[in-house]
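Presented below is the structure to which this report refers.
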Amino acid sequence: MPRQDLEDIFQDIQKDARYDHELNGCLNCGICTATCPAAYYFDFSPREIVQLLWTENLEGIHDAMQEKIWACAQCYTCAARCPFGNSPGGLIMIMREAAIKHGMESAKNVLRPFSRVMLKLISTGNQLAPDMVTPDHFPDWGPNISKVDAPLDILRKAIPVPTLNTTETAWEVNLKTSIELYTIWEMTGVLDRLEGIDENLFDVITDIIDEKREDYEDWLEEQDEADDDEED
């Protein structure tokens with residue numbers, strides 16, 4: 001990759017408002033990696049991520065963004081244990097966002113299996129309904145999840161919002177709220193990022209947005225007509 005592209009990627013990571021709070025140096029003690037659950041299962045080291053960023057190793061940062069940063073479970077055990085106050089998990093989140101912004105193939109590969117979740121998140125505001133939770137859909141739970149005989153029906157009901165026990169109730173969103181959600185996704189650049197990662201999903205969501213906006217405009221017109229009739 002051209003040097004300028006590597007520098008652009010690092011600059012996007014470094015200029016994030018969270019960066020200076022998450023990276024304070026490194027004693028190279030290895031506590032973060034020793035306590036990391038993901039490091040137990042995958043070729044992944046939080047310490048390596050901190051060292052790459054601390055030394056501004058552009059090639060190493062780019063290489064880590066191809067696979068290693070996606071092994072993190074975002075549990076933030078590393079941040080709780082680091083004697084220097086670093087948060088490797090927080091830094092990895094910034095790197096993931098940069099990977100999405102730059103349309104890296106690793107980001108596309110990781111997010112592709114979650115297209116259904118992304119569709120529902122953007123179109124309804126709800127990321128998951130409990131009856132969607134199955135080990136097959138979440139490989140990041142680790143290789144031993146298939147050995148766990150968990151009573152999923154009970155676990156799903158443990159989610160504290162009783163109305164979200166099924167997809168039918170979890171995804172009931174009124175029209176005005178939907179339009180507000182879409183506006184937020186547009187104004188914050190989420191849809192632009194999505195187009196670079198999954199163009200097909202972007203097209204589907206855009207069609208949904210256009211249809212609901214038409215429905216909303218029709219509803220507003222009906223309300224105006226009803227108001228006029230009342231005045232007469």
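Chain identifiers are assigned as A, B, and so on, following the order in which chains appear in the structure tokens; residues are numbered from 1 within each chain, and ligands are numbered from 1 in order of appearance.
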
Q. Leaving out Gln51 of chain A and any residue of its chain fewer than 2 positions from it, which residues lie within 12 Å of it when counting only C-alpha atoms, given as a PyMOL selection string?
A. chain A and resi 23-30+32+45-49+53-58+60-61+64+86+88+91

Q: Go through A:Asp5, A:Glu186, A:Glu180, A:Glu105 and flag the residue nearest Arg213 of chain A, using only C-alpha atoms for the distances.
A: A:Glu180

Q: Fewer than 2 positions away in the same chain doesn't count, so skip those; otherwise give me all residues within 7 Å of Ile13 of chain A, counting only C-alpha atoms, as a list in words.
A: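 Contacts, with the query itself left out: Ile9, Phe10, Gln11, Lys15, Asp16, Ile94, Met95 and Ala98 of chain A.
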
Q) When you draw a straight line from atom CA of Gly90 of chain A to atom CA of Trp70 of chain A, how long is it in Å? A)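 We find that atom CA of Gly90 of chain A and atom CA of Trp70 of chain A lie 12.7 Å from each other.
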
Q. Distance atom CA of Glu217 of chain A-atom CA of Val190 of chain A, one decimal place?
A.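 Computing it gives 23.5 Å between the two atoms.
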
Q: Would you mind listing what lies within 10 Å of Met1 of chain A as JSON, numbers by chain, with only C-alpha atoms counted and same-chain residues fewer than 3 positions away left out?
A: {"A": [4, 5, 6, 59, 62]}

Using only N, CA and C atoms, please write the residues we just selected to a file, as a short mmCIF file (atom, residue, chain, number, x, y, z; two decimals), in the first residue's frame.
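In the end it all went to result.cif:
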data_model
loop_
_atom_site.label_atom_id
_atom_site.label_comp_id
_atom_site.auth_asym_id
_atom_site.auth_seq_id
_atom_site.Cartn_x
_atom_site.Cartn_y
_atom_site.Cartn_z
N GLN A 4 1.43 7.15 1.54
CA GLN A 4 0.46 8.19 1.85
C GLN A 4 -0.85 7.60 2.37
N ASP A 5 -1.25 6.46 1.81
CA ASP A 5 -2.48 5.81 2.27
C ASP A 5 -2.32 5.31 3.70
N LEU A 6 -1.15 4.77 4.01
CA LEU A 6 -0.88 4.32 5.37
C LEU A 6 -0.93 5.49 6.35
N GLU A 59 3.01 0.27 8.87
CA GLU A 59 2.80 -1.02 8.20
C GLU A 59 2.20 -2.04 9.15
N HIS A 62 -1.50 -1.29 9.76
CA HIS A 62 -2.31 -1.72 8.62
C HIS A 62 -2.48 -3.24 8.62
#
